[in-house]
Amino acid sequence: MLIVGIIGTGLLGSAIAKRLVSSGFTVHAYNRTRKKVDALKKLGVHVEDSPKSLAEKCDLVITIVKDAPVIEKLAFGKNGLIYGKHDGLIVADMSTISPMSSRKIAKKFANKKISMIDTPVMGGPSLAEKGQMIVMVGGKEEIYQKCKQVLDKIGEKTFHLGKNGAGHAMKLAMNSQIAILALSLSEGIILAKKSGLDPMTFLDVLNSTYFKTGMSVNKGPKMAKGDFEPSFFLKMMQKDLDEITHTAKEYGANMPVSRLANKIYKKAIKKGFGDIDYTGILAYLSKS
């Protein structure tokens with residue numbers, strides 16, 4: 001079995017570490033904020049002091065961090081991944097970044113004789129722990145095949161989409177849907193409530209039609225009750241909307257609704273809603 005390293009042990013990274021350990025993999029982990037990784041020790045995860053030491057011990061390193069600049073720092077900066085290089089080392093980036101950034105980083109790794117694929121996922125921490133995520137892969141087929149034993153434990157379905165950056169392009173296309181769906185569902189709940197209707201009845205009606213979504217079924221009741229325990233932070237959704245806007249401009253894609261969504265999420269963050277679930281956009285709209 002491959003020895004796996006995870007860099008970035010936030011909500012998703014921790015869940016993936018738990019899943020892989022429970023599946024019999026040896027897992028090493030590094031996080032810039034040490035307390036976020038120390039909690040994984042009792043599960044059998046080996047905690048490392050630097051990306052370099054982690055890379056030295058692992059066959060596959062999964063990066064799950066905020067953005068491309070963080071990846072570059074952890075990969076190419078002091079005690080970065082490249083200094084732990086050995087034959088066969090593979091990096092799989094599970095962050096959400098632009099396809100342009102992904103290709104740039106993959107090329108820098110290739111110059112150091114390190115293979116990289118992009119492997120962003122759909123599904124939150126709870127699905128990660130069950131191995132029920134959807135994995136979107138960009139990069140060489142042969143490198144993907146070498147990682148398949150790990151990716152198959154994380155996800156129930158994997159799509160190999162093409163060259164480096166293809167996985168991230170698909171992830172951004174998916175996240176544009178999620179951000180807009182959260183806004184649409186929020187507005188429906190608000191209008192129903194303002195009209196004197198029970199928001200739960202609104203959801204019952206919606207979910208009785210083919211317009212229902214996984215969000216309206218699984219997140220909707222929590223939203224109606226004001227439960228915004230984060231599975232994915234609102235501030236991270238806004239960061240992804242920045243990436244979507246940038247990528248759309250680069251490719252000449254007209255996405256006015258995503259641009260508007262980005263403006264609304266930015267306003268929500270300014271009002272202090274950034275550290276709740278992304279569906280907490282309902283809380284912001286209700287008070288604005």
# chains A, B, ... in the order shown; residues from 1 in each chain; ligands from 1
>>> residues_around(residues="Gly123 (chain A)", least_positions_apart="4", cutoff="8 Å", atoms="only C-alpha atoms", output="PyMOL selection string")
chain A and resi 127-128+132-134
>>> select_by_dssp(residues="region 72-283 of chain A", states="alpha helix (DSSP H)", output="number ranges by chain")
A: 72-76, 99-111, 125-130, 141-154, 166-194, 199-206, 214, 220-224, 234-251, 256-270, 281-283
>>> closest_residue(among="A:Ile62, A:Val27, A:Ala17, A:Leu11", to="Glu48 (chain A)", atoms="only C-alpha atoms")
A:Val27
>>> closest_residue(among="A:Tyr210, A:Ile7, A:Ala29, A:Met116", to="Lys146 (chain A)", atoms="only C-alpha atoms")
A:Met116
>>> residues_around(residues="Ala15 (chain A)", least_positions_apart="5", cutoff="12 Å", atoms="only C-alpha atoms", output="PyMOL selection string")
chain A and resi 6+8-10+20-22+36-37+39-40+43+45+64+123-133+154+231
>>> select_by_dssp(residues="region 133-224 of chain A", states="strand (DSSP E or B)", output="PDB file with C-alpha atoms, in the first residue's frame")
ATOM      1  CA  MET A 133     -16.814  11.674  -2.260  1.00  0.00           C
ATOM      2  CA  ILE A 134     -16.621  12.396  -5.979  1.00  0.00           C
ATOM      3  CA  VAL A 135     -13.041  12.842  -7.171  1.00  0.00           C
ATOM      4  CA  MET A 136     -12.164  14.917 -10.255  1.00  0.00           C
ATOM      5  CA  VAL A 137      -8.707  14.230 -11.668  1.00  0.00           C
ATOM      6  CA  GLY A 138      -6.501  16.211 -14.008  1.00  0.00           C
ATOM      7  CA  GLY A 155     -14.373   8.593  -3.254  1.00  0.00           C
ATOM      8  CA  GLU A 156     -17.111   6.329  -4.532  1.00  0.00           C
ATOM      9  CA  LYS A 157     -16.658   7.656  -8.065  1.00  0.00           C
ATOM     10  CA  THR A 158     -13.677   9.187  -9.843  1.00  0.00           C
ATOM     11  CA  PHE A 159     -13.587  11.085 -13.140  1.00  0.00           C
ATOM     12  CA  HIS A 160     -10.297  11.386 -15.015  1.00  0.00           C
ATOM     13  CA  LEU A 161     -10.945  14.537 -17.018  1.00  0.00           C
ATOM     14  CA  GLY A 162      -7.751  15.236 -18.927  1.00  0.00           C
TER      15      GLY A 162
END
>>> closest_residue(among="A:Leu81, A:Val91, A:Leu2, A:Leu185", to="Gly139 (chain A)", atoms="only C-alpha atoms")
A:Val91
>>> residues_around(residues="Asp67 (chain A)", least_positions_apart="4", cutoff="8 Å", atoms="only C-alpha atoms", output="PyMOL selection string")
chain A and resi 71+95-97
>>> write_last_selection(atoms="C-alpha atoms", output="mmCIF file, in the first residue's frame")
data_model
loop_
_atom_site.group_PDB
_atom_site.id
_atom_site.type_symbol
_atom_site.label_atom_id
_atom_site.label_comp_id
_atom_site.auth_asym_id
_atom_site.auth_seq_id
_atom_site.Cartn_x
_atom_site.Cartn_y
_atom_site.Cartn_z
ATOM 1 C CA ILE A 71 0.711 25.496 -2.113
ATOM 2 C CA SER A 95 -7.235 22.306 -2.899
ATOM 3 C CA THR A 96 -9.585 24.491 -4.938
ATOM 4 C CA ILE A 97 -7.484 26.674 -7.224
#
>>> residues_around(residues="Asn111 (chain A)", least_positions_apart="5", cutoff="12 Å", atoms="only C-alpha atoms", output="ChimeraX atom specification")
/A:76,82,85,104-106,116
>>> write_last_selection(atoms="N, CA and C atoms", output="compact mmCIF listing (two decimals), in the first residue's frame")
# COMPACT_ATOMS: atom_id res chain seq x y z
N PHE A 76 7.65 24.79 -2.46
CA PHE A 76 8.93 25.29 -2.96
C PHE A 76 9.67 26.20 -1.98
N ILE A 82 9.67 19.85 -2.14
CA ILE A 82 10.69 19.48 -3.13
C ILE A 82 12.01 19.04 -2.47
N LYS A 85 12.23 15.26 -1.87
CA LYS A 85 12.06 14.49 -3.11
C LYS A 85 12.78 13.15 -3.05
N LYS A 104 0.66 25.72 -13.73
CA LYS A 104 1.92 26.38 -13.39
C LYS A 104 2.66 25.61 -12.30
N ILE A 105 1.94 25.20 -11.26
CA ILE A 105 2.55 24.48 -10.16
C ILE A 105 3.01 23.09 -10.62
N ALA A 106 2.18 22.42 -11.44
CA ALA A 106 2.56 21.10 -11.95
C ALA A 106 3.85 21.17 -12.76
N MET A 116 2.72 15.52 -10.51
CA MET A 116 1.58 16.11 -9.82
C MET A 116 0.31 15.89 -10.63
>>> closest_residue(among="A:Met174, A:Leu181, A:Leu241, A:Leu285", to="Ser258 (chain A)", atoms="only C-alpha atoms")
A:Leu241
>>> closest_residue(among="A:Gln145, A:Thr119, A:Asn164, A:Gln177", to="Asp240 (chain A)", atoms="only C-alpha atoms")
A:Gln177
>>> atom_distance(atom1="CA of Ile90 (chain A)", atom2="CA of His28 (chain A)")
14.4 Å
>>> closest_residue(among="A:Asn175, A:Ser208, A:Gln238, A:Thr213", to="Val121 (chain A)", atoms="only C-alpha atoms")
A:Asn175
>>> residues_around(residues="Lys235 (chain A)", least_positions_apart="5", cutoff="8 Å", atoms="only C-alpha atoms", output="MDAnalysis selection string")
chainID A and resid 265 269 273:275 278
>>> decode(residues="region 227-266 of chain A", atoms="C-alpha atoms", output="mmCIF file, in the first residue's frame")
data_model
loop_
_atom_site.group_PDB
_atom_site.id
_atom_site.type_symbol
_atom_site.label_atom_id
_atom_site.label_comp_id
_atom_site.auth_asym_id
_atom_site.auth_seq_id
_atom_site.Cartn_x
_atom_site.Cartn_y
_atom_site.Cartn_z
ATOM 1 C CA ASP A 227 -28.356 25.793 11.916
ATOM 2 C CA PHE A 228 -25.179 26.830 10.105
ATOM 3 C CA GLU A 229 -22.623 24.490 11.654
ATOM 4 C CA PRO A 230 -19.858 24.603 9.043
ATOM 5 C CA SER A 231 -19.063 21.736 6.732
ATOM 6 C CA PHE A 232 -17.546 24.316 4.357
ATOM 7 C CA PHE A 233 -16.939 27.867 5.524
ATOM 8 C CA LEU A 234 -18.722 30.760 3.847
ATOM 9 C CA LYS A 235 -15.409 32.607 3.543
ATOM 10 C CA MET A 236 -13.958 29.666 1.621
ATOM 11 C CA MET A 237 -16.899 29.660 -0.760
ATOM 12 C CA GLN A 238 -16.243 33.331 -1.434
ATOM 13 C CA LYS A 239 -12.578 32.538 -2.079
ATOM 14 C CA ASP A 240 -13.694 29.952 -4.610
ATOM 15 C CA LEU A 241 -15.994 32.501 -6.243
ATOM 16 C CA ASP A 242 -12.926 34.711 -6.692
ATOM 17 C CA GLU A 243 -11.235 31.791 -8.458
ATOM 18 C CA ILE A 244 -14.354 31.222 -10.582
ATOM 19 C CA THR A 245 -14.481 34.891 -11.589
ATOM 20 C CA HIS A 246 -10.772 34.902 -12.449
ATOM 21 C CA THR A 247 -10.989 31.674 -14.449
ATOM 22 C CA ALA A 248 -14.112 32.822 -16.316
ATOM 23 C CA LYS A 249 -12.314 36.001 -17.335
ATOM 24 C CA GLU A 250 -9.247 34.050 -18.453
ATOM 25 C CA TYR A 251 -11.334 31.718 -20.618
ATOM 26 C CA GLY A 252 -13.788 34.333 -21.872
ATOM 27 C CA ALA A 253 -16.766 32.681 -20.139
ATOM 28 C CA ASN A 254 -19.729 34.957 -19.426
ATOM 29 C CA MET A 255 -20.854 34.207 -15.839
ATOM 30 C CA PRO A 256 -22.783 37.238 -14.563
ATOM 31 C CA VAL A 257 -24.680 35.310 -11.877
ATOM 32 C CA SER A 258 -21.442 33.965 -10.376
ATOM 33 C CA ARG A 259 -20.028 37.497 -10.354
ATOM 34 C CA LEU A 260 -23.129 38.736 -8.524
ATOM 35 C CA ALA A 261 -22.927 35.812 -6.090
ATOM 36 C CA ASN A 262 -19.322 36.753 -5.358
ATOM 37 C CA LYS A 263 -20.331 40.311 -4.484
ATOM 38 C CA ILE A 264 -23.044 39.057 -2.115
ATOM 39 C CA TYR A 265 -20.728 36.601 -0.360
ATOM 40 C CA LYS A 266 -18.098 39.328 0.039
#
